[in-house]
$ cat start_18.csv   # CSV, C-alpha atoms and all ligand atoms
chain,number,residue,atom,x,y,z
A,1,THR,CA,0.0,0.0,0.0
A,2,LEU,CA,0.9,3.6,-0.4
A,3,GLN,CA,3.6,4.9,1.9
A,4,TYR,CA,4.7,8.4,2.7
A,5,PRO,CA,8.1,9.4,4.3
A,6,PHE,CA,8.1,11.3,7.5
A,7,TYR,CA,11.6,12.7,8.1
A,8,GLY,CA,13.4,15.2,5.9
A,9,GLN,CA,10.5,16.5,3.9
A,10,ALA,CA,10.2,20.2,2.8
A,11,HIS,CA,6.7,20.4,4.4
A,12,PRO,CA,4.7,18.4,7.0
A,13,ALA,CA,2.9,15.3,5.7
A,14,GLY,CA,-0.9,15.4,5.6
A,15,VAL,CA,-1.2,19.0,4.3
A,16,ALA,CA,-0.6,19.1,0.6
A,17,THR,CA,-0.7,15.3,0.5
A,18,PRO,CA,-3.7,14.3,-1.7
A,19,PRO,CA,-6.4,13.6,0.9
A,20,GLN,CA,-6.7,9.9,1.9
A,21,ARG,CA,-10.1,8.4,2.3
A,22,HIS,CA,-10.3,8.5,6.2
A,23,CYS,CA,-9.2,10.8,9.0
A,24,LEU,CA,-9.1,10.5,12.7
A,25,PHE,CA,-8.6,13.9,14.3
A,26,MET,CA,-7.8,14.1,18.0
A,27,THR,CA,-6.8,17.0,20.3
A,28,PHE,CA,-5.1,16.8,23.6
A,29,ASP,CA,-4.7,19.0,26.8
A,30,LEU,CA,-1.3,18.9,28.4
A,31,THR,CA,-1.5,17.9,32.0
A,32,THR,CA,2.1,18.7,32.7
A,33,THR,CA,3.8,22.1,33.3
A,34,ASP,CA,7.2,20.7,32.8
A,35,ALA,CA,8.8,21.8,29.5
A,36,SER,CA,11.1,18.8,29.4
A,37,ALA,CA,8.1,16.5,29.7
A,38,LEU,CA,6.6,18.2,26.7
A,39,GLN,CA,9.9,18.0,24.9
A,40,SER,CA,10.1,14.3,25.6
A,41,LEU,CA,6.6,13.7,24.3
A,42,LEU,CA,7.3,15.5,21.1
A,43,ALA,CA,10.4,13.4,20.7
A,44,ARG,CA,8.5,10.1,21.4
A,45,TRP,CA,5.7,11.1,19.0
A,46,SER,CA,8.1,12.1,16.2
A,47,ALA,CA,9.9,8.7,16.4
A,48,ALA,CA,6.5,7.0,16.5
A,49,PHE,CA,5.2,9.0,13.5
A,50,ASP,CA,8.1,7.6,11.4
A,51,VAL,CA,7.5,4.0,12.5
A,52,LEU,CA,3.7,4.2,12.1
A,53,MET,CA,3.8,5.9,8.7
A,54,ALA,CA,6.1,3.1,7.5
A,55,GLY,CA,3.3,0.6,8.5
A,56,HIS,CA,5.2,-0.9,11.4
A,57,GLU,CA,4.1,-1.8,14.9
A,58,LEU,CA,5.2,0.6,17.6
A,59,GLY,CA,7.4,-1.8,19.5
A,60,THR,CA,5.7,-5.2,19.4
A,61,ALA,CA,2.2,-6.5,19.6
A,62,ASP,CA,3.4,-10.0,20.6
A,63,PRO,CA,6.3,-9.8,23.1
A,64,ASP,CA,8.5,-12.9,23.5
A,65,ARG,CA,8.2,-12.9,27.3
A,66,PRO,CA,4.7,-14.0,28.4
A,67,HIS,CA,4.6,-11.5,31.3
A,68,ALA,CA,5.4,-8.5,29.1
A,69,VAL,CA,2.6,-6.1,28.1
A,70,PRO,CA,2.4,-5.6,24.3
A,71,THR,CA,3.9,-2.2,23.4
A,72,ASP,CA,1.7,-2.1,20.2
A,73,THR,CA,-2.0,-2.6,20.4
A,74,GLY,CA,-1.9,-4.8,17.3
A,75,GLU,CA,-5.0,-4.0,15.3
A,76,ALA,CA,-3.1,-2.6,12.3
A,77,THR,CA,-0.6,-5.5,12.2
A,78,ASP,CA,-0.5,-6.8,8.6
A,79,LEU,CA,-2.6,-3.9,7.2
A,80,GLY,CA,0.4,-1.9,5.8
A,81,PRO,CA,0.9,1.9,5.7
A,82,ASN,CA,-2.2,2.6,3.7
A,83,GLY,CA,-1.0,6.1,2.9
A,84,LEU,CA,-0.9,7.1,6.6
A,85,THR,CA,0.1,10.6,7.3
A,86,LEU,CA,0.4,12.0,10.9
A,87,THR,CA,0.3,15.8,11.3
A,88,LEU,CA,1.1,17.4,14.6
A,89,GLY,CA,-0.3,20.7,15.7
A,90,LEU,CA,0.7,22.9,18.7
A,91,GLY,CA,-2.2,24.9,20.2
A,92,PRO,CA,-1.8,28.5,21.5
A,93,GLY,CA,-1.7,27.1,25.1
A,94,VAL,CA,1.8,25.6,24.4
A,95,PHE,CA,3.1,29.2,24.3
A,96,ASP,CA,1.4,30.5,27.5
A,97,ASP,CA,3.3,30.9,30.8
A,98,ARG,CA,3.4,27.1,31.6
A,99,PHE,CA,6.4,26.1,29.6
A,100,GLY,CA,8.5,29.3,29.3
A,101,LEU,CA,8.0,29.3,25.5
A,102,ALA,CA,6.3,32.7,25.2
A,103,ALA,CA,9.2,34.1,23.2
A,104,ARG,CA,8.7,31.5,20.6
A,105,LYS,CA,5.1,32.3,20.0
A,106,PRO,CA,4.4,33.6,16.5
A,107,ALA,CA,2.9,37.1,16.7
A,108,LYS,CA,0.0,36.0,14.4
A,109,PHE,CA,-0.9,33.0,16.5
A,110,ASP,CA,-3.6,33.1,19.2
A,111,HIS,CA,-6.9,31.4,20.1
A,112,LEU,CA,-9.4,32.2,17.4
A,113,PRO,CA,-11.7,35.2,18.2
A,114,ALA,CA,-15.4,34.7,18.6
A,115,LEU,CA,-16.9,34.5,15.1
A,116,PRO,CA,-20.4,35.3,13.9
A,117,SER,CA,-22.8,32.3,14.1
A,118,ASP,CA,-20.4,30.3,16.4
A,119,GLN,CA,-22.2,27.8,18.5
A,120,LEU,CA,-19.1,26.3,19.9
A,121,GLN,CA,-19.3,23.7,22.7
A,122,ASP,CA,-16.5,24.0,25.3
A,123,ALA,CA,-15.9,20.2,25.2
A,124,LEU,CA,-15.3,20.3,21.4
A,125,THR,CA,-13.1,23.4,21.4
A,126,GLY,CA,-9.4,24.2,22.0
A,127,GLY,CA,-6.6,21.8,22.8
A,128,ASP,CA,-2.9,22.2,23.4
A,129,LEU,CA,-2.0,19.6,20.7
A,130,SER,CA,-3.7,18.1,17.7
A,131,ILE,CA,-3.0,14.9,15.7
A,132,GLN,CA,-4.5,14.5,12.3
A,133,ALA,CA,-4.2,10.9,11.2
A,134,CYS,CA,-5.3,10.3,7.6
A,135,ALA,CA,-5.2,6.9,5.8
A,136,ASP,CA,-7.0,4.9,3.2
A,137,ASP,CA,-7.9,2.3,5.8
A,138,PRO,CA,-9.8,3.8,8.9
A,139,GLN,CA,-8.3,1.1,11.2
A,140,VAL,CA,-4.8,2.3,10.3
A,141,ALA,CA,-5.7,5.8,11.3
A,142,PHE,CA,-7.4,4.6,14.5
A,143,HIS,CA,-4.5,2.5,15.5
A,144,ALA,CA,-2.0,5.3,15.0
A,145,VAL,CA,-4.0,7.7,17.3
A,146,ARG,CA,-4.7,5.0,19.8
A,147,ASP,CA,-1.0,4.1,20.2
A,148,LEU,CA,0.1,7.7,20.2
A,149,SER,CA,-2.3,8.4,23.0
A,150,ARG,CA,-0.7,5.6,25.0
A,151,LEU,CA,2.7,7.3,24.5
A,152,ALA,CA,1.2,10.5,25.9
A,153,ARG,CA,0.0,9.0,29.2
A,154,GLY,CA,0.8,11.1,32.2
A,155,VAL,CA,1.6,14.1,30.0
A,156,ALA,CA,-1.6,14.8,27.9
A,157,VAL,CA,-5.2,13.7,27.9
A,158,THR,CA,-7.7,13.7,25.0
A,159,ARG,CA,-9.8,16.7,24.7
A,160,TRP,CA,-12.0,16.2,21.6
A,161,THR,CA,-12.0,13.8,18.7
A,162,VAL,CA,-13.7,13.6,15.3
A,163,MET,CA,-13.8,10.4,13.3
A,164,GLY,CA,-13.9,11.5,9.7
A,165,PHE,CA,-14.9,9.2,6.8
A,166,GLY,CA,-14.9,10.0,3.1
A,167,ARG,CA,-12.7,12.9,2.0
A,168,ALA,CA,-14.7,16.0,1.3
A,169,SER,CA,-12.0,17.9,-0.5
A,170,ALA,CA,-9.7,17.4,-3.4
A,171,GLY,CA,-5.9,17.7,-3.8
A,172,GLN,CA,-3.4,17.6,-6.6
A,173,GLY,CA,-4.5,15.0,-9.3
A,174,GLN,CA,-7.7,14.0,-7.5
A,175,THR,CA,-11.3,14.0,-8.6
A,176,THR,CA,-13.8,16.0,-6.6
A,177,PRO,CA,-15.8,14.0,-4.0
A,178,ARG,CA,-19.1,15.0,-2.5
A,179,ASN,CA,-19.9,16.1,1.0
A,180,LEU,CA,-22.9,14.9,3.0
A,181,LEU,CA,-25.2,17.6,1.5
A,182,GLY,CA,-24.6,15.9,-1.9
A,183,PHE,CA,-22.5,18.6,-3.5
A,184,LYS,CA,-19.1,18.3,-5.0
A,185,ASP,CA,-16.6,19.7,-2.5
A,186,GLY,CA,-13.1,20.9,-3.4
A,187,THR,CA,-13.6,22.0,-6.9
A,188,ARG,CA,-11.8,25.3,-6.4
A,189,ASN,CA,-9.5,24.2,-3.7
A,190,ILE,CA,-5.8,25.1,-3.8
A,191,ARG,CA,-4.0,22.7,-6.1
A,192,SER,CA,-0.8,24.4,-7.4
A,193,ASP,CA,2.6,24.6,-5.8
A,194,ALA,CA,2.5,28.4,-6.5
A,195,ASP,CA,-0.7,28.8,-4.4
A,196,LEU,CA,0.7,26.6,-1.7
A,197,GLY,CA,3.7,28.8,-1.5
A,198,GLN,CA,1.7,32.0,-1.5
A,199,PHE,CA,-1.1,31.0,0.9
A,200,VAL,CA,-0.1,27.9,2.9
A,201,TRP,CA,3.6,27.5,3.8
A,202,HIS,CA,5.0,29.7,6.5
A,203,ASP,CA,8.1,31.6,5.4
A,204,GLY,CA,9.8,31.6,8.8
A,205,GLN,CA,9.5,35.4,9.2
A,206,ASP,CA,9.0,36.4,12.8
A,207,GLN,CA,9.6,32.7,14.0
A,208,ALA,CA,12.3,30.8,12.2
A,209,TRP,CA,11.2,27.5,13.7
A,210,MET,CA,7.9,27.7,11.7
A,211,LYS,CA,9.6,27.9,8.3
A,212,GLY,CA,8.0,25.4,5.9
A,213,GLY,CA,5.2,24.7,8.4
A,214,THR,CA,1.7,26.0,8.4
A,215,TYR,CA,-1.4,26.7,10.5
A,216,GLN,CA,-4.2,24.3,10.9
A,217,VAL,CA,-7.8,25.4,11.6
A,218,ALA,CA,-10.2,22.6,12.6
A,219,ARG,CA,-14.0,23.1,12.9
A,220,LYS,CA,-16.5,20.5,13.7
A,221,ILE,CA,-19.5,21.6,11.7
A,222,HIS,CA,-22.8,20.0,12.3
A,223,MET,CA,-25.2,19.7,9.3
A,224,HIS,CA,-28.9,19.9,9.9
A,225,VAL,CA,-29.4,17.1,7.3
A,226,GLU,CA,-33.1,16.5,8.0
A,227,ASN,CA,-33.9,20.2,7.2
A,228,TRP,CA,-31.6,20.1,4.1
A,229,ASP,CA,-33.3,17.0,2.8
A,230,THR,CA,-36.7,18.7,2.7
A,231,ASP,CA,-35.3,21.7,0.8
A,232,ARG,CA,-36.1,21.9,-3.0
A,233,ILE,CA,-33.2,21.4,-5.4
A,234,GLU,CA,-33.5,24.9,-6.8
A,235,ASP,CA,-32.9,26.4,-3.3
A,236,GLN,CA,-30.1,23.9,-2.5
A,237,GLU,CA,-28.3,25.0,-5.7
A,238,ARG,CA,-28.9,28.7,-4.8
A,239,VAL,CA,-27.3,28.1,-1.4
A,240,PHE,CA,-24.0,26.9,-2.9
A,241,GLY,CA,-24.2,28.8,-6.3
A,242,ARG,CA,-23.5,25.5,-8.0
A,243,ASP,CA,-25.3,22.7,-9.9
A,244,LYS,CA,-25.8,19.7,-7.6
A,245,ARG,CA,-25.0,17.0,-10.1
A,246,SER,CA,-22.2,18.5,-12.2
A,247,GLY,CA,-20.8,20.9,-9.7
A,248,ALA,CA,-20.7,23.6,-12.3
A,249,PRO,CA,-21.2,27.2,-11.2
A,250,LEU,CA,-24.8,28.4,-11.9
A,251,THR,CA,-23.2,30.7,-14.5
A,252,GLY,CA,-21.5,27.8,-16.4
A,253,THR,CA,-21.8,24.3,-17.6
A,254,GLY,CA,-18.6,22.5,-16.6
A,255,GLU,CA,-17.4,21.8,-13.0
A,256,PHE,CA,-14.3,23.8,-13.5
A,257,ASP,CA,-15.8,26.8,-15.3
A,258,THR,CA,-14.9,30.0,-13.5
A,259,PRO,CA,-18.0,31.5,-11.8
A,260,ASP,CA,-19.2,34.8,-13.1
A,261,PHE,CA,-20.4,36.6,-10.0
A,262,ALA,CA,-21.5,39.7,-11.8
A,263,LYS,CA,-23.8,37.9,-14.3
A,264,THR,CA,-27.5,38.8,-14.1
A,265,ASP,CA,-30.6,37.2,-15.4
A,266,ALA,CA,-33.4,38.8,-17.4
A,267,SER,CA,-35.0,40.3,-14.3
A,268,GLY,CA,-31.6,41.9,-13.3
A,269,ALA,CA,-31.0,39.5,-10.4
A,270,ARG,CA,-27.6,37.9,-9.9
A,271,VAL,CA,-27.5,34.4,-11.3
A,272,ILE,CA,-25.2,33.4,-8.4
A,273,ASP,CA,-26.9,34.8,-5.3
A,274,PRO,CA,-24.4,37.2,-3.6
A,275,GLN,CA,-25.1,35.3,-0.3
A,276,ALA,CA,-24.4,31.9,-1.9
A,277,HIS,CA,-21.6,30.0,-0.1
A,278,VAL,CA,-19.2,30.2,-3.1
A,279,ALA,CA,-19.9,33.9,-3.7
A,280,LEU,CA,-18.9,34.8,-0.2
A,281,ALA,CA,-15.9,32.4,-0.1
A,282,ALA,CA,-14.4,33.0,-3.5
A,283,HIS,CA,-11.0,34.6,-3.7
A,284,GLU,CA,-12.3,37.1,-6.4
A,285,ASN,CA,-14.6,38.5,-3.7
A,286,ASN,CA,-12.0,38.4,-0.8
A,287,GLY,CA,-9.1,40.4,-2.1
A,288,GLY,CA,-7.5,37.3,-3.6
A,289,LEU,CA,-7.5,35.4,-0.4
A,290,LYS,CA,-7.3,31.5,-0.5
A,291,ILE,CA,-6.9,28.7,2.0
A,292,LEU,CA,-6.2,25.0,1.5
A,293,ARG,CA,-9.2,22.9,2.5
A,294,ARG,CA,-8.8,19.3,3.6
A,295,SER,CA,-12.1,18.3,5.2
A,296,TYR,CA,-13.8,15.0,5.9
A,297,ASN,CA,-17.4,13.9,6.4
A,298,PHE,CA,-18.3,12.7,9.9
A,299,THR,CA,-21.2,11.1,11.7
A,300,ASP,CA,-21.7,10.4,15.4
A,301,GLY,CA,-24.8,8.3,14.8
A,302,MET,CA,-28.1,9.7,16.0
A,303,ASP,CA,-28.5,12.6,18.4
A,304,GLU,CA,-30.8,12.6,21.5
A,305,THR,CA,-33.8,13.8,19.4
A,306,GLY,CA,-33.4,10.9,16.9
A,307,GLN,CA,-32.0,13.0,14.1
A,308,ILE,CA,-28.9,12.0,12.2
A,309,ASP,CA,-25.8,13.6,13.8
A,310,ALA,CA,-23.5,14.3,11.0
A,311,GLY,CA,-21.5,17.0,9.3
A,312,LEU,CA,-18.2,18.2,8.1
A,313,LEU,CA,-14.8,18.0,9.9
A,314,PHE,CA,-13.6,21.1,8.3
A,315,LEU,CA,-9.8,21.1,8.2
A,316,ALA,CA,-7.9,24.0,6.6
A,317,TYR,CA,-4.3,25.0,6.2
A,318,MET,CA,-2.9,28.5,5.7
A,319,LYS,CA,0.2,30.6,6.5
A,320,ASP,CA,-1.7,33.0,8.8
A,321,PRO,CA,-4.8,32.1,10.8
A,322,ALA,CA,-6.3,35.5,9.9
A,323,GLN,CA,-7.1,34.0,6.5
A,324,PHE,CA,-9.7,31.7,8.1
A,325,VAL,CA,-10.9,34.5,10.4
A,326,THR,CA,-11.5,36.8,7.4
A,327,LEU,CA,-13.4,34.2,5.5
A,328,GLN,CA,-15.5,32.9,8.4
A,329,THR,CA,-16.3,36.4,9.6
A,330,ARG,CA,-18.1,36.9,6.2
A,331,LEU,CA,-19.5,33.4,5.9
A,332,GLY,CA,-20.7,33.4,9.5
A,333,SER,CA,-22.7,36.6,9.1
A,334,SER,CA,-24.2,36.2,5.6
A,335,ASP,CA,-23.8,32.6,4.1
A,336,ALA,CA,-27.1,31.2,2.8
A,337,LEU,CA,-25.7,27.8,4.1
A,338,ASN,CA,-25.9,29.0,7.7
A,339,GLU,CA,-29.5,27.8,7.9
A,340,TYR,CA,-28.3,24.3,7.5
A,341,ILE,CA,-25.1,24.2,9.5
A,342,SER,CA,-23.7,25.0,13.0
A,343,HIS,CA,-20.1,25.3,14.0
A,344,VAL,CA,-19.9,23.3,17.2
A,345,GLY,CA,-16.2,22.6,17.6
A,346,SER,CA,-13.1,24.6,16.9
A,347,GLY,CA,-9.3,24.6,17.3
A,348,VAL,CA,-6.3,26.4,15.8
A,349,PHE,CA,-2.8,24.9,15.8
A,350,ALA,CA,0.7,25.7,14.5
A,351,VAL,CA,2.0,22.9,12.5
A,352,PRO,CA,5.9,22.9,12.6
A,353,PRO,CA,7.9,21.7,9.7
A,354,THR,CA,9.1,18.1,9.4
A,355,PRO,CA,12.4,17.3,11.3
A,356,GLU,CA,15.4,15.7,9.8
A,357,ARG,CA,16.1,12.1,10.9
A,358,GLY,CA,17.6,12.1,14.4
A,359,HIS,CA,15.6,15.2,15.3
A,360,PHE,CA,12.0,15.8,16.5
A,361,ILE,CA,9.1,18.0,15.7
A,362,GLY,CA,9.3,21.3,17.5
A,363,GLU,CA,12.9,20.7,18.7
A,364,ALA,CA,13.9,24.2,17.8
A,365,LEU,CA,11.4,25.5,20.4
A,366,PHE,CA,13.4,24.4,23.4
A,401,LIG,C1,-16.4,26.1,-1.6
A,401,LIG,C2,-19.2,23.2,1.0
A,401,LIG,C3,-17.7,25.4,5.1
A,401,LIG,C4,-14.5,27.9,2.4
A,401,LIG,C5,-17.3,25.1,-1.3
A,401,LIG,C6,-18.1,24.3,-2.2
A,401,LIG,C7,-18.9,23.5,-1.4
A,401,LIG,C8,-18.6,23.8,-0.1
A,401,LIG,C9,-19.9,22.5,-1.9
A,401,LIG,C10,-18.1,24.5,-3.7
A,401,LIG,C11,-17.0,23.6,-4.4
A,401,LIG,C12,-15.6,24.0,-4.1
A,401,LIG,O1,-15.1,24.9,-4.8
A,401,LIG,O2,-15.0,23.4,-3.3
A,401,LIG,C13,-19.0,23.6,2.3
A,401,LIG,C14,-19.8,23.0,3.4
A,401,LIG,C15,-19.4,23.6,4.6
A,401,LIG,C16,-18.3,24.6,4.2
A,401,LIG,C17,-20.8,21.9,3.3
A,401,LIG,C18,-19.8,23.4,6.0
A,401,LIG,C19,-20.4,22.4,6.4
A,401,LIG,C20,-16.7,26.3,4.7
A,401,LIG,C21,-16.0,27.1,5.6
A,401,LIG,C22,-15.1,27.8,4.9
A,401,LIG,C23,-15.3,27.5,3.5
A,401,LIG,C24,-16.1,27.1,7.1
A,401,LIG,C25,-14.0,28.8,5.3
A,401,LIG,C26,-14.1,29.6,6.4
A,401,LIG,C27,-14.8,27.6,1.1
A,401,LIG,C28,-14.0,28.2,0.0
A,401,LIG,C29,-14.5,27.7,-1.1
A,401,LIG,C30,-15.6,26.8,-0.7
A,401,LIG,C31,-12.8,29.2,0.2
A,401,LIG,C32,-14.1,28.0,-2.6
A,401,LIG,C33,-15.0,29.1,-3.1
A,401,LIG,C34,-14.6,29.5,-4.6
A,401,LIG,O3,-13.4,29.8,-4.8
A,401,LIG,O4,-15.4,29.3,-5.5
A,401,LIG,N1,-17.6,24.8,0.0
A,401,LIG,N2,-18.2,24.5,2.8
A,401,LIG,N3,-16.2,26.5,3.4
A,401,LIG,N4,-15.7,26.8,0.6
A,401,LIG,FE1,-17.0,25.7,1.7
$ encode --input "start_18.csv" --output "structure tokens" --more "lines below"
Ligand code: HEM
Amino acid sequence: TLQYPFYGQAHPAGVATPPQRHCLFMTFDLTTTDASALQSLLARWSAAFDVLMAGHELGTADPDRPHAVPTDTGEATDLGPNGLTLTLGLGPGVFDDRFGLAARKPAKFDHLPALPSDQLQDALTGGDLSIQACADDPQVAFHAVRDLSRLARGVAVTRWTVMGFGRASAGQGQTTPRNLLGFKDGTRNIRSDADLGQFVWHDGQDQAWMKGGTYQVARKIHMHVENWDTDRIEDQERVFGRDKRSGAPLTGTGEFDTPDFAKTDASGARVIDPQAHVALAAHENNGGLKILRRSYNFTDGMDETGQIDAGLLFLAYMKDPAQFVTLQTRLGSSDALNEYISHVGSGVFAVPPTPERGHFIGEALF
């Protein structure tokens, strides 16, 4: 199965990597105030990322000595790497007074501000660390996060988790999948290296340790699927500004046609509603601003009222978290999609660049 290298890459894995089919996203709170305990966790995790991404057991699932506890939990044994990527994020809390790292905090990095339409639940928000585990086999992603959590015992505890299935974005060379509202998602996502350079990779200015890294914004977005499913197709297409089947903008015929946001119909009304999701999010209407989206569908089964509990694990990467804040400030106040979604979880994380072999993620911080 597909295997990605961990050490010595220009950029962290799991960002520009074409999205794998499944994703397990977990955030953690640090329970230690000891900088060397954090340092040692990052070193253990880095070494483990390399072993897991190669498709190996972390230690052994079947020790020779009968009294020994297995160091690997064993459920991914024989499955192979399955394109596993592990992406580590450091939350703003890593740079507060606890660890003496305040001088390393990038000036642009802080908790996200309150945004319009936020309905965030405390239990689904924040986190000092994040791990995004993506793979083409969900059990491989689960195993990686499970065994990494074991390595964090005594230092960090899980804060919130989303089990994502089915990619809802497209990367380089990929076809566009559909999200749970039935629309193609990822059509106008960033795909070129030039855009990645301009909008995603940190240039190391202000904090040299971030050079080649990026910022990760994670939002757990609940979809009111039952309401959506009673809406007529004409309105669903108005909400996105795109055709449901082909994914074409309402002003075009092909999926990749450039939307014409100024075009009007015979009555003088805009063909793409100015409050359509794509009209508000498009770079043409935001001073050229873009982000890299890398989202997944999720479901938590049924909620307490018997409705399907599902939505989008929105994951996005950018060189400055303000890119997300700018877009979501607009979308949160005017997006026609808001009737059908609620942002219930949120986190922002600095993703350091990949270390060389023999080093660990975030080593330059200490
Ligand atoms: C475009 C779905 C949330 C930013 C799109 C498209 C769909 C979609 C179907 C059109 C196809 C494409 O170009 O990818 C959704 C759903 C969401 C959601 C279902 C929530 C459940 C967000 C959020 C942001 C965002 C929170 C950023 C704050 C964008 C951007 C585009 C886009 C930048 C490209 C617009 C363009 O250039 O035409 N989204 N989206 N989306 N979305 Fe979302």
$ closest_residue --input "start_18.csv" --among "A:Gly173, A:Gly186, A:Gly254, A:Pro355" --to "Val278 in chain A" --atoms "only C-alpha atoms"
A:Gly186
$ residues_near_ligand --input "start_18.csv" --ligand "ligand LIG 401 (chain A)" --cutoff "7 Å" --atoms "all atoms listed in the file" --output "VMD selection string"
chain A and resid 169 179 181 183 to 189 221 to 223 240 242 277 to 279 281 to 283 290 to 291 311 to 312 314 324 327 to 328 331 341
$ closest_atom_pairs --input "start_18.csv" --of "range 152-269 of chain A" --to "range 41-50 of chain A" --cutoff "12 Å" --atoms "all atoms listed in the file" --output "CSV"
residue,atom,partner,partner_atom,distance
A:Ala152,CA,A:Leu41,CA,6.5
A:Arg153,CA,A:Leu41,CA,9.5
A:Gly154,CA,A:Leu41,CA,10.1
A:Val155,CA,A:Leu41,CA,7.6
A:Ala156,CA,A:Leu41,CA,9.0
$ closest_residue --input "start_18.csv" --among "A:Gly14, A:Pro113, A:Pro81, A:Gly100" --to "Ala322 in chain A" --atoms "all atoms listed in the file"
A:Pro113
$ closest_residue --input "start_18.csv" --among "A:Met302, A:Ala141, A:Val344, A:Leu101" --to "Asp122 in chain A" --atoms "all atoms listed in the file"
A:Val344
$ residues_around --input "start_18.csv" --residues "range 54-65 of chain A" --least-positions-apart "4" --cutoff "7 Å" --atoms "all atoms listed in the file" --output "MDAnalysis selection string"
chainID A and resid 3 48 50 70:74 77 80:81
$ closest_residue --input "start_18.csv" --among "A:Ala248, A:Leu30, A:Ala103, A:Met53" --to "Thr87 in chain A" --atoms "only C-alpha atoms"
A:Met53
$ atom_distance --input "start_18.csv" --atom1 "CA of Phe298 in chain A" --atom2 "CA of Ser334 in chain A"
24.6 Å
$ closest_residue --input "start_18.csv" --among "A:Thr17, A:Asn338, A:Gln121, A:Thr354" --to "Gly213 in chain A" --atoms "all atoms listed in the file"
A:Thr354
$ closest_residue --input "start_18.csv" --among "A:Val69, A:Ala336, A:Val225, A:Ala208" --to "Arg104 in chain A" --atoms "only C-alpha atoms"
A:Ala208
$ residues_near_point --input "start_18.csv" --point "(-0.2, 19.6, 2.6)" --cutoff "9 Å" --atoms "all atoms listed in the file" --output "ChimeraX atom specification"
/A:11-19,171,196,200-201,214,292,294,317
$ decode --input "start_18.csv" --residues "range 87-101 of chain A" --atoms "N, CA and C atoms" --output "compact mmCIF listing (two decimals), in the first residue's frame"
# COMPACT_ATOMS: atom_id res chain seq x y z
N THR A 87 0.03 14.32 11.31
CA THR A 87 0.31 15.75 11.28
C THR A 87 0.10 16.29 12.69
N LEU A 88 1.13 16.87 13.26
CA LEU A 88 1.05 17.36 14.64
C LEU A 88 0.83 18.87 14.66
N GLY A 89 -0.09 19.30 15.50
CA GLY A 89 -0.33 20.73 15.70
C GLY A 89 -0.09 21.14 17.15
N LEU A 90 0.44 22.33 17.33
CA LEU A 90 0.66 22.89 18.67
C LEU A 90 -0.35 24.01 18.89
N GLY A 91 -1.17 23.89 19.92
CA GLY A 91 -2.18 24.91 20.20
C GLY A 91 -1.57 26.14 20.85
N PRO A 92 -2.33 27.24 20.89
CA PRO A 92 -1.81 28.47 21.49
C PRO A 92 -1.37 28.28 22.94
N GLY A 93 -2.00 27.32 23.64
CA GLY A 93 -1.68 27.10 25.05
C GLY A 93 -0.25 26.64 25.29
N VAL A 94 0.39 26.07 24.27
CA VAL A 94 1.79 25.64 24.42
C VAL A 94 2.69 26.85 24.70
N PHE A 95 2.23 28.02 24.24
CA PHE A 95 3.07 29.23 24.35
C PHE A 95 2.66 30.14 25.49
N ASP A 96 1.75 29.65 26.37
CA ASP A 96 1.42 30.49 27.52
C ASP A 96 2.51 30.31 28.59
N ASP A 97 2.27 30.81 29.79
CA ASP A 97 3.35 30.87 30.78
C ASP A 97 3.86 29.51 31.27
N ARG A 98 3.08 28.46 31.05
CA ARG A 98 3.41 27.15 31.64
C ARG A 98 4.81 26.64 31.32
N PHE A 99 5.20 26.77 30.04
CA PHE A 99 6.43 26.09 29.61
C PHE A 99 7.59 27.05 29.32
N GLY A 100 7.39 28.32 29.55
CA GLY A 100 8.46 29.28 29.30
C GLY A 100 8.75 29.47 27.81
N LEU A 101 7.75 29.21 26.96
CA LEU A 101 7.97 29.30 25.50
C LEU A 101 7.37 30.57 24.89
